[in-house]
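*Asks:* For reference, the file input.cif (mmCIF, C-alpha atoms) is included below:
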```
data_model
#
loop_
_atom_site.label_atom_id
_atom_site.label_comp_id
_atom_site.auth_asym_id
_atom_site.auth_seq_id
_atom_site.Cartn_x
_atom_site.Cartn_y
_atom_site.Cartn_z
CA MET A 9 75.18 110.45 106.20
CA ARG A 10 74.18 107.26 104.42
CA CYS A 11 73.91 104.19 106.65
CA PHE A 12 74.86 100.65 105.64
CA ASN A 13 73.93 97.25 106.99
CA MET A 14 77.28 95.47 106.92
CA ASP A 15 78.33 91.85 107.17
CA LYS A 16 80.94 91.03 109.81
CA THR A 17 83.84 91.05 107.34
CA THR A 18 82.91 94.45 105.93
CA GLU A 19 82.42 95.85 109.41
CA SER A 20 85.84 94.55 110.48
CA VAL A 21 87.60 95.91 107.38
CA LYS A 22 85.87 99.29 107.67
CA GLY A 23 86.91 99.51 111.31
CA PHE A 24 90.50 98.71 110.34
CA TYR A 25 90.67 101.45 107.70
CA ASP A 26 88.89 103.93 109.95
CA LYS A 27 91.80 103.45 112.36
CA THR A 28 94.47 103.06 109.67
CA PRO A 29 93.54 104.99 106.50
CA PHE A 30 95.28 103.66 103.42
CA PRO A 31 97.40 104.56 101.59
CA ASP A 32 98.20 107.08 104.28
CA PHE A 33 100.30 110.20 103.74
CA GLU A 34 101.37 113.45 105.35
CA LEU A 35 99.03 116.11 104.01
CA ASP A 36 101.58 118.91 104.26
CA ARG A 37 103.65 117.23 101.52
CA PHE A 38 100.96 118.19 98.99
CA ASN A 39 100.96 121.94 98.46
CA THR A 40 100.38 122.15 94.71
CA LYS A 41 98.76 119.92 92.10
CA ASP A 42 102.23 119.16 90.78
CA ASP A 43 102.97 117.39 94.07
CA LEU A 44 100.36 114.77 93.20
CA LEU A 45 102.55 113.60 90.35
CA LYS A 46 105.81 114.18 92.24
CA TYR A 47 104.87 111.86 95.11
CA ALA A 48 102.77 109.34 93.19
CA PHE A 49 103.80 105.70 92.96
CA PRO A 50 105.15 104.66 89.54
CA PHE A 51 102.02 102.70 88.66
CA ALA A 52 99.80 105.70 89.43
CA LYS A 53 101.93 107.86 87.13
CA TYR A 54 101.67 105.14 84.49
CA LEU A 55 97.85 105.03 84.67
CA ASN A 56 97.69 108.80 84.46
CA ARG A 57 99.77 108.67 81.30
CA ILE A 58 97.93 105.90 79.44
CA ILE A 59 94.29 106.64 80.30
CA PRO A 60 92.88 109.18 77.81
CA LYS A 61 92.15 112.66 79.14
CA ASP A 62 88.57 112.52 77.90
CA ALA A 63 87.82 109.26 79.75
CA SER A 64 85.47 108.97 82.71
CA ILE A 65 86.99 107.02 85.62
CA VAL A 66 85.78 105.50 88.88
CA ASP A 67 88.28 104.32 91.48
CA VAL A 68 86.38 101.81 93.61
CA GLY A 69 87.92 101.58 97.06
CA CYS A 70 89.92 104.76 96.56
CA GLY A 71 91.02 104.97 100.20
CA THR A 72 92.72 108.28 100.89
CA GLY A 73 92.23 109.31 97.27
CA GLN A 74 95.73 109.96 95.97
CA LEU A 75 95.23 107.98 92.75
CA ALA A 76 91.80 109.46 92.09
CA ALA A 77 93.16 112.94 92.79
CA LEU A 78 96.01 112.46 90.33
CA LEU A 79 93.68 111.10 87.64
CA SER A 80 91.35 114.08 88.08
CA LEU A 81 94.01 116.45 86.77
CA GLY A 82 92.97 117.41 83.25
CA ARG A 83 89.92 115.11 83.29
CA GLU A 84 86.30 116.14 83.73
CA ASN A 85 84.75 113.11 85.40
CA VAL A 86 86.66 111.17 88.06
CA VAL A 87 84.94 109.53 91.01
CA GLY A 88 86.48 107.89 94.06
CA THR A 89 84.37 105.63 96.27
CA ASP A 90 85.14 104.12 99.64
CA LEU A 91 83.41 102.92 102.81
CA SER A 92 85.96 104.18 105.34
CA ASP A 93 85.00 107.53 106.88
CA THR A 94 88.58 108.25 107.94
CA SER A 95 90.07 107.47 104.53
CA LEU A 96 87.45 109.58 102.75
CA ALA A 97 87.98 112.43 105.21
CA LYS A 98 91.65 112.51 104.29
CA ALA A 99 90.79 112.28 100.60
CA ASN A 100 88.46 115.24 101.00
CA GLN A 101 91.18 117.22 102.78
CA LEU A 102 93.47 116.61 99.82
CA LYS A 103 90.73 117.56 97.35
CA GLU A 104 89.90 120.79 99.15
CA LYS A 105 93.52 121.79 99.72
CA LEU A 106 94.36 121.43 96.01
CA ASP A 107 90.97 122.63 94.73
CA LEU A 108 90.27 119.49 92.67
CA SER A 109 86.89 120.49 91.29
CA THR A 110 86.52 117.55 88.86
CA LEU A 111 86.99 114.92 91.57
CA ARG A 112 83.93 113.52 93.32
CA LEU A 113 84.27 111.43 96.48
CA ILE A 114 81.39 109.17 97.48
CA LYS A 115 80.87 106.92 100.49
CA THR A 116 79.47 103.61 99.35
CA ASP A 117 79.66 99.86 99.90
CA ILE A 118 80.81 97.79 96.90
CA PHE A 119 77.89 95.42 97.41
CA LYS A 120 75.31 98.22 97.65
CA MET A 121 76.50 100.77 95.08
CA ASP A 122 73.83 102.97 93.53
CA LEU A 123 75.81 105.57 91.59
CA ASN A 124 73.37 105.45 88.63
CA GLU A 125 76.13 106.10 86.11
CA GLN A 126 78.70 104.14 84.13
CA PHE A 127 82.33 104.86 83.30
CA ASP A 128 84.92 104.24 80.59
CA TYR A 129 87.42 102.92 83.14
CA VAL A 130 86.57 101.08 86.36
CA LEU A 131 89.57 100.65 88.69
CA CYS A 132 89.38 98.42 91.75
CA LEU A 133 92.96 97.94 92.89
CA GLY A 134 93.75 96.02 96.05
CA VAL A 135 90.16 96.01 97.26
CA LEU A 136 88.20 92.88 96.35
CA HIS A 137 90.48 90.57 98.35
CA HIS A 138 89.43 92.47 101.49
CA THR A 139 85.72 91.74 100.95
CA HIS A 140 83.70 88.75 102.13
CA ASN A 141 83.24 87.57 98.52
CA ALA A 142 85.69 88.84 95.89
CA LYS A 143 83.89 87.14 93.01
CA GLU A 144 80.57 88.70 93.94
CA GLY A 145 82.28 92.04 94.48
CA PHE A 146 83.62 91.88 90.93
CA ARG A 147 80.10 91.34 89.61
CA HIS A 148 78.95 94.47 91.44
CA ILE A 149 81.73 96.76 90.25
CA LEU A 150 81.13 95.58 86.69
CA LYS A 151 77.80 97.40 86.82
CA LEU A 152 79.76 100.65 86.81
CA SER A 153 81.36 99.91 83.42
CA LYS A 154 80.01 101.11 80.13
CA LYS A 155 79.64 98.56 77.36
CA GLY A 156 83.12 98.38 75.84
CA GLY A 157 84.60 99.93 78.97
CA TYR A 158 87.70 98.68 80.76
CA VAL A 159 87.75 97.07 84.19
CA ALA A 160 91.05 96.70 86.08
CA ILE A 161 91.17 94.65 89.26
CA GLY A 162 94.17 94.20 91.54
CA LEU A 163 94.32 91.09 93.74
CA TYR A 164 96.69 89.10 95.88
CA ASN A 165 97.90 85.97 94.11
CA LYS A 166 97.93 82.62 95.93
CA PHE A 167 101.42 81.83 94.68
CA GLY A 168 102.96 85.30 94.87
CA ARG A 169 101.65 85.86 98.40
CA ILE A 170 103.61 82.93 99.86
CA SER A 171 106.69 85.04 100.62
CA LEU A 172 104.58 87.67 102.38
CA TYR A 173 102.90 85.02 104.52
CA LEU A 174 106.35 83.90 105.66
CA ARG A 175 107.43 87.45 106.49
CA LYS A 176 104.16 88.04 108.34
CA PHE A 177 104.71 84.90 110.41
CA LEU A 178 108.21 86.03 111.33
CA LEU A 179 107.08 89.52 112.36
CA HIS A 180 104.29 88.08 114.47
CA THR A 181 106.58 85.60 116.24
CA ILE A 182 110.36 85.70 116.58
CA LEU A 183 110.75 89.19 115.05
CA ARG A 184 107.88 90.82 116.96
CA ASN A 185 108.47 94.56 117.59
CA ASN A 186 111.66 94.53 115.52
CA GLU A 187 111.54 97.91 113.79
CA LYS A 188 114.61 97.26 111.63
CA MET A 189 113.04 94.14 110.15
CA LYS A 190 109.79 96.01 109.48
CA GLU A 191 111.75 98.52 107.41
CA LEU A 192 113.70 95.79 105.66
CA PHE A 193 110.56 93.89 104.65
CA LEU A 194 108.86 97.01 103.29
CA LYS A 195 111.88 98.75 101.76
CA LYS A 196 111.34 97.64 98.17
CA GLN A 197 107.59 98.17 98.32
CA ILE A 198 107.48 101.83 99.28
CA LEU A 199 111.12 102.86 98.64
CA SER A 200 111.20 105.77 101.09
CA PHE A 201 110.47 106.06 104.81
CA GLN A 202 110.54 109.87 104.96
CA ASP A 203 106.72 109.93 105.11
CA LYS A 204 106.09 108.19 108.43
CA GLU A 205 102.34 108.05 107.90
CA ARG A 206 102.83 106.29 104.58
CA PHE A 207 105.13 103.74 106.22
CA ARG A 208 102.71 103.09 109.07
CA GLY A 209 99.79 102.67 106.67
CA TRP A 210 101.67 100.25 104.41
CA TYR A 211 102.93 98.17 107.31
CA ASN A 212 99.49 97.80 108.85
CA ASP A 213 97.85 97.02 105.51
CA GLN A 214 100.36 94.31 104.64
CA PHE A 215 101.01 92.74 108.05
CA GLU A 216 98.09 93.55 110.36
CA HIS A 217 95.00 93.43 108.14
CA PRO A 218 92.02 91.57 109.68
CA HIS A 219 90.85 89.92 106.46
CA GLU A 220 92.31 89.03 103.09
CA THR A 221 91.96 86.36 100.45
CA ALA A 222 94.29 85.32 97.63
CA HIS A 223 93.36 84.25 94.11
CA THR A 224 94.67 82.61 90.96
CA VAL A 225 94.65 83.80 87.37
CA SER A 226 92.29 80.94 86.54
CA GLU A 227 89.77 82.26 89.05
CA VAL A 228 89.83 85.74 87.57
CA LEU A 229 89.54 84.45 84.01
CA GLY A 230 86.55 82.45 85.20
CA TRP A 231 84.95 85.61 86.60
CA PHE A 232 85.52 87.32 83.27
CA LYS A 233 83.96 84.47 81.30
CA GLU A 234 80.91 84.20 83.56
CA ASN A 235 80.23 87.94 83.28
CA ASP A 236 80.89 88.33 79.54
CA VAL A 237 84.14 90.24 79.97
CA GLU A 238 86.97 89.92 77.43
CA TYR A 239 90.47 89.43 78.85
CA ILE A 240 92.78 92.24 77.71
CA ASN A 241 96.06 92.22 79.65
CA SER A 242 97.74 91.80 83.02
CA ILE A 243 100.64 92.86 85.22
CA PRO A 244 102.75 90.78 85.70
CA THR A 245 102.36 89.53 82.17
CA LEU A 246 101.02 86.03 81.63
CA LYS A 247 103.65 85.37 78.98
CA LEU A 248 106.51 83.09 79.98
CA ALA A 249 109.49 84.97 78.55
CA TYR A 250 108.43 88.60 78.73
CA ASP A 251 108.47 91.39 81.28
CA PHE A 252 105.83 94.11 81.19
CA ASN A 253 107.45 97.50 80.60
CA LEU A 254 105.64 100.46 82.17
CA ASP A 255 107.60 102.80 79.93
CA ALA A 256 106.57 101.13 76.68
CA ASP A 257 103.59 98.80 77.07
CA ASN A 258 99.93 99.72 77.48
CA LEU A 259 97.94 97.72 80.00
CA PHE A 260 94.75 98.44 78.08
CA ASP A 261 96.06 97.07 74.77
CA LYS A 262 94.88 93.59 73.83
CA ASP A 263 97.34 90.80 74.66
CA ASN A 264 96.74 87.86 72.31
CA ILE A 265 98.34 85.28 74.60
CA ASN A 266 97.03 81.71 74.58
CA LEU A 267 95.32 81.53 77.97
CA THR A 268 94.93 77.76 78.13
CA SER A 269 98.14 76.81 79.94
CA LYS A 270 100.93 79.39 80.07
CA HIS A 271 99.49 81.38 82.96
CA ILE A 272 99.42 78.27 85.17
CA ILE A 273 103.15 77.75 84.77
CA ASN A 274 103.96 81.45 84.98
CA GLN A 275 102.27 81.85 88.37
CA LEU A 276 104.88 79.56 89.89
CA ARG A 277 107.48 82.19 88.98
CA TRP A 278 105.45 84.80 90.82
CA ILE A 279 106.41 83.18 94.14
CA PHE A 280 109.78 84.87 93.59
CA THR A 281 109.21 87.64 91.02
CA THR A 282 106.29 89.36 92.80
CA ALA A 283 107.63 88.89 96.33
CA ASN A 284 108.60 92.57 96.70
CA ASP A 285 105.09 93.63 95.65
CA GLY A 286 103.37 91.38 98.15
CA GLY A 287 102.24 88.89 95.51
CA TYR A 288 99.99 91.43 93.82
CA PHE A 289 98.69 91.17 90.25
CA ILE A 290 96.40 93.28 88.08
CA THR A 291 94.07 91.95 85.42
CA VAL A 292 92.26 94.06 82.84
CA GLY A 293 89.13 93.13 80.93
CA ARG A 294 86.72 94.84 78.56
CA LYS A 295 82.99 94.63 79.09
CA LYS A 296 81.32 93.19 76.00
#
```
Please re-express this file's structure in structure tokens.
*Replies:*
Amino acid sequence: MRCFNMDKTTESVKGFYDKTPFPDFELDRFNTKDDLLKYAFPFAKYLNRIIPKDASIVDVGCGTGQLAALLSLGRENVVGTDLSDTSLAKANQLKEKLDLSTLRLIKTDIFKMDLNEQFDYVLCLGVLHHTHNAKEGFRHILKLSKKGGYVAIGLYNKFGRISLYLRKFLLHTILRNNEKMKELFLKKQILSFQDKERFRGWYNDQFEHPHETAHTVSEVLGWFKENDVEYINSIPTLKLAYDFNLDADNLFDKDNINLTSKHIINQLRWIFTTANDGGYFITVGRKK
């Protein structure tokens, strides 16, 4: 097994996910490949629909591998990477149970990746904000992208996360050990509580995580500019009077929005409009 010299933040986060793999799930729910689509979150289904079948994909920080597993259906080159042994073990159980031969799972640290290959699509969703340096982490994952390839990063937003911080404070103080409030706060995020392992994983990730940071659109656009990446699109949209439609819009289509001011105003709306998603936003760029 490959060994890594880890900073304190990475060691803490790895330890957390080794105890609480994410996104967790009950393995016996997945008995056929069709179940991957049946139980996938809407955004995972959306990515599977819009990413071309001939594309190569790497899911950096794949966790328990459900997204990478879904994307491997009908595609020849899909890789999932993660540092958590427990999360990867569960991902491998899923891979072996469903005989996903085109899915490769690799243990690696974002800051020490040596895959020696590049991909058409680099996905890093909900990962960089759990590292000791999200900006530097972005620079490292960009190495995995082909020239002209797409990079999608999911981060917590400083404005959108405000509501979650309030809920977290309440659950850690006056609502401590209140199971009904736990369910209420997570209800719109995961919809169903039938999978108890999924509920436990989501609760711990949102309310008990040892390290997270939050970021603004301006920060991400700055990362893009510094690393010669063209802004393509985002969810939520940066437009003022427009809602992104997963049924009609393509996240990898160029959005010609004027980036100079509108996104600053729009983020204030995210305090309320992204509250149910934990203040999460996704930004897509294309490597020049």
*Asks:* Restricting the calculation to only C-alpha atoms: of A:Val159, A:Ile273, A:Ala283, A:Leu106, which residue gets closest to Glu238 (chain A)?
*Replies:*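 Once distances to Glu238 (chain A) are computed over only C-alpha atoms, the minimum belongs to A:Val159.
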*Asks:* Hey, can you check how far CA of Ala52 (chain A) sits from CA of Leu75 (chain A)?
*Replies:*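 So the two atoms, CA of Ala52 (chain A) and CA of Leu75 (chain A), lie 6.1 Å apart.
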*Asks:* Apply the PyMOL selection byres ((chain A and resi 55-69) around 7) to the structure shown and report the selected residues as a PyMOL selection string.
*Replies:* chain A and resi 51-54+70-71+76+79+82-83+85-90+127-132+135+258
*Asks:* Please report the interatomic distance between CA of Gly293 (chain A) and CA of Tyr158 (chain A) in Å with one decimal.
*Replies:*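 Atom-to-atom, CA of Gly293 (chain A) to CA of Tyr158 (chain A), that is 5.7 Å.
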*Asks:* Pick the closest to Phe280 (chain A) from A:Arg169, A:Lys115, A:Arg147, A:His138: which is it, counting only C-alpha atoms?
*Replies:* A:Arg169
*Asks:* If we count all atoms listed in the file and set the cut-off at 9 Å, which residues sit around region 229-232 of chain A, ignoring sequence neighbours fewer than 5 positions away in its own chain? Please answer as a PyMOL selection string.
*Replies:* chain A and resi 143+146-147+224+237-239+267+291+293-295
*Asks:* Any idea what the distance is between CA of Asn141 (chain A) and CA of Ala160 (chain A)?
*Replies:*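 Result for CA of Asn141 (chain A) versus CA of Ala160 (chain A): 17.3 Å, one decimal.
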*Asks:* Smallest atom-to-atom distance to Arg206 (chain A): which of A:Thr282, A:Leu194, A:Ser171, A:Ile265, using only C-alpha atoms?
*Replies:* A:Leu194
*Asks:* Please extract region 256-284 of chain A and write it out with N, CA and C atoms, as a JSON list (two decimals), in the first residue's frame.
*Replies:*
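Produced file selection04.json, reproduced below:
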```
[["chain", "number", "residue", "atom", "x", "y", "z"],
["A", 256, "ALA", "N", -32.83, 20.96, -18.93],
["A", 256, "ALA", "CA", -32.67, 21.61, -20.23],
["A", 256, "ALA", "C", -31.28, 22.18, -20.46],
["A", 257, "ASP", "N", -30.61, 22.67, -19.44],
["A", 257, "ASP", "CA", -29.34, 23.35, -19.61],
["A", 257, "ASP", "C", -28.16, 22.39, -19.49],
["A", 258, "ASN", "N", -27.05, 22.77, -20.10],
["A", 258, "ASN", "CA", -25.84, 21.95, -20.06],
["A", 258, "ASN", "C", -24.76, 22.72, -19.33],
["A", 259, "LEU", "N", -24.30, 22.17, -18.22],
["A", 259, "LEU", "CA", -23.30, 22.82, -17.38],
["A", 259, "LEU", "C", -22.00, 23.06, -18.12],
["A", 260, "PHE", "N", -21.75, 22.28, -19.17],
["A", 260, "PHE", "CA", -20.49, 22.40, -19.90],
["A", 260, "PHE", "C", -20.61, 23.25, -21.17],
["A", 261, "ASP", "N", -21.76, 23.91, -21.33],
["A", 261, "ASP", "CA", -21.93, 24.89, -22.40],
["A", 261, "ASP", "C", -21.49, 26.26, -21.92],
["A", 262, "LYS", "N", -20.88, 27.02, -22.79],
["A", 262, "LYS", "CA", -20.35, 28.33, -22.43],
["A", 262, "LYS", "C", -21.47, 29.30, -22.05],
["A", 263, "ASP", "N", -21.33, 29.92, -20.88],
["A", 263, "ASP", "CA", -22.25, 30.96, -20.43],
["A", 263, "ASP", "C", -21.55, 32.31, -20.65],
["A", 264, "ASN", "N", -22.12, 33.16, -21.48],
["A", 264, "ASN", "CA", -21.48, 34.41, -21.86],
["A", 264, "ASN", "C", -21.82, 35.57, -20.92],
["A", 265, "ILE", "N", -22.06, 35.27, -19.66],
["A", 265, "ILE", "CA", -22.40, 36.29, -18.68],
["A", 265, "ILE", "C", -21.23, 37.27, -18.48],
["A", 266, "ASN", "N", -21.57, 38.51, -18.21],
["A", 266, "ASN", "CA", -20.57, 39.52, -17.83],
["A", 266, "ASN", "C", -20.17, 39.25, -16.37],
["A", 267, "LEU", "N", -18.93, 38.86, -16.16],
["A", 267, "LEU", "CA", -18.49, 38.42, -14.84],
["A", 267, "LEU", "C", -18.03, 39.56, -13.93],
["A", 268, "THR", "N", -18.13, 40.79, -14.37],
["A", 268, "THR", "CA", -17.52, 41.88, -13.62],
["A", 268, "THR", "C", -18.28, 42.25, -12.34],
["A", 269, "SER", "N", -19.60, 42.07, -12.31],
["A", 269, "SER", "CA", -20.33, 42.55, -11.14],
["A", 269, "SER", "C", -21.51, 41.68, -10.73],
["A", 270, "LYS", "N", -22.19, 41.05, -11.67],
["A", 270, "LYS", "CA", -23.45, 40.39, -11.36],
["A", 270, "LYS", "C", -23.29, 39.28, -10.32],
["A", 271, "HIS", "N", -22.18, 38.55, -10.39],
["A", 271, "HIS", "CA", -22.02, 37.43, -9.46],
["A", 271, "HIS", "C", -21.88, 37.91, -8.02],
["A", 272, "ILE", "N", -21.37, 39.12, -7.81],
["A", 272, "ILE", "CA", -21.23, 39.65, -6.46],
["A", 272, "ILE", "C", -22.60, 39.87, -5.83],
["A", 273, "ILE", "N", -23.51, 40.44, -6.60],
["A", 273, "ILE", "CA", -24.87, 40.68, -6.12],
["A", 273, "ILE", "C", -25.62, 39.36, -5.95],
["A", 274, "ASN", "N", -25.44, 38.47, -6.91],
["A", 274, "ASN", "CA", -26.19, 37.22, -6.90],
["A", 274, "ASN", "C", -25.86, 36.36, -5.69],
["A", 275, "GLN", "N", -24.61, 36.40, -5.23],
["A", 275, "GLN", "CA", -24.22, 35.58, -4.09],
["A", 275, "GLN", "C", -25.02, 35.92, -2.83],
["A", 276, "LEU", "N", -25.47, 37.16, -2.72],
["A", 276, "LEU", "CA", -26.27, 37.54, -1.57],
["A", 276, "LEU", "C", -27.58, 36.76, -1.55],
["A", 277, "ARG", "N", -28.10, 36.45, -2.73],
["A", 277, "ARG", "CA", -29.32, 35.64, -2.82],
["A", 277, "ARG", "C", -29.07, 34.21, -2.37],
["A", 278, "TRP", "N", -27.84, 33.75, -2.52],
["A", 278, "TRP", "CA", -27.52, 32.37, -2.18],
["A", 278, "TRP", "C", -27.66, 32.09, -0.69],
["A", 279, "ILE", "N", -27.63, 33.14, 0.14],
["A", 279, "ILE", "CA", -27.86, 32.95, 1.58],
["A", 279, "ILE", "C", -29.17, 32.21, 1.79],
["A", 280, "PHE", "N", -30.15, 32.49, 0.93],
["A", 280, "PHE", "CA", -31.48, 31.91, 1.06],
["A", 280, "PHE", "C", -31.72, 30.80, 0.04],
["A", 281, "THR", "N", -31.28, 30.99, -1.20],
["A", 281, "THR", "CA", -31.63, 30.04, -2.27],
["A", 281, "THR", "C", -30.81, 28.77, -2.24],
["A", 282, "THR", "N", -29.63, 28.77, -1.63],
["A", 282, "THR", "CA", -28.83, 27.54, -1.56],
["A", 282, "THR", "C", -28.82, 26.96, -0.15],
["A", 283, "ALA", "N", -29.68, 27.46, 0.72],
["A", 283, "ALA", "CA", -29.68, 27.01, 2.11],
["A", 283, "ALA", "C", -29.92, 25.51, 2.23],
["A", 284, "ASN", "N", -30.83, 24.96, 1.42],
["A", 284, "ASN", "CA", -31.15, 23.54, 1.50],
["A", 284, "ASN", "C", -30.03, 22.66, 0.97]]
```
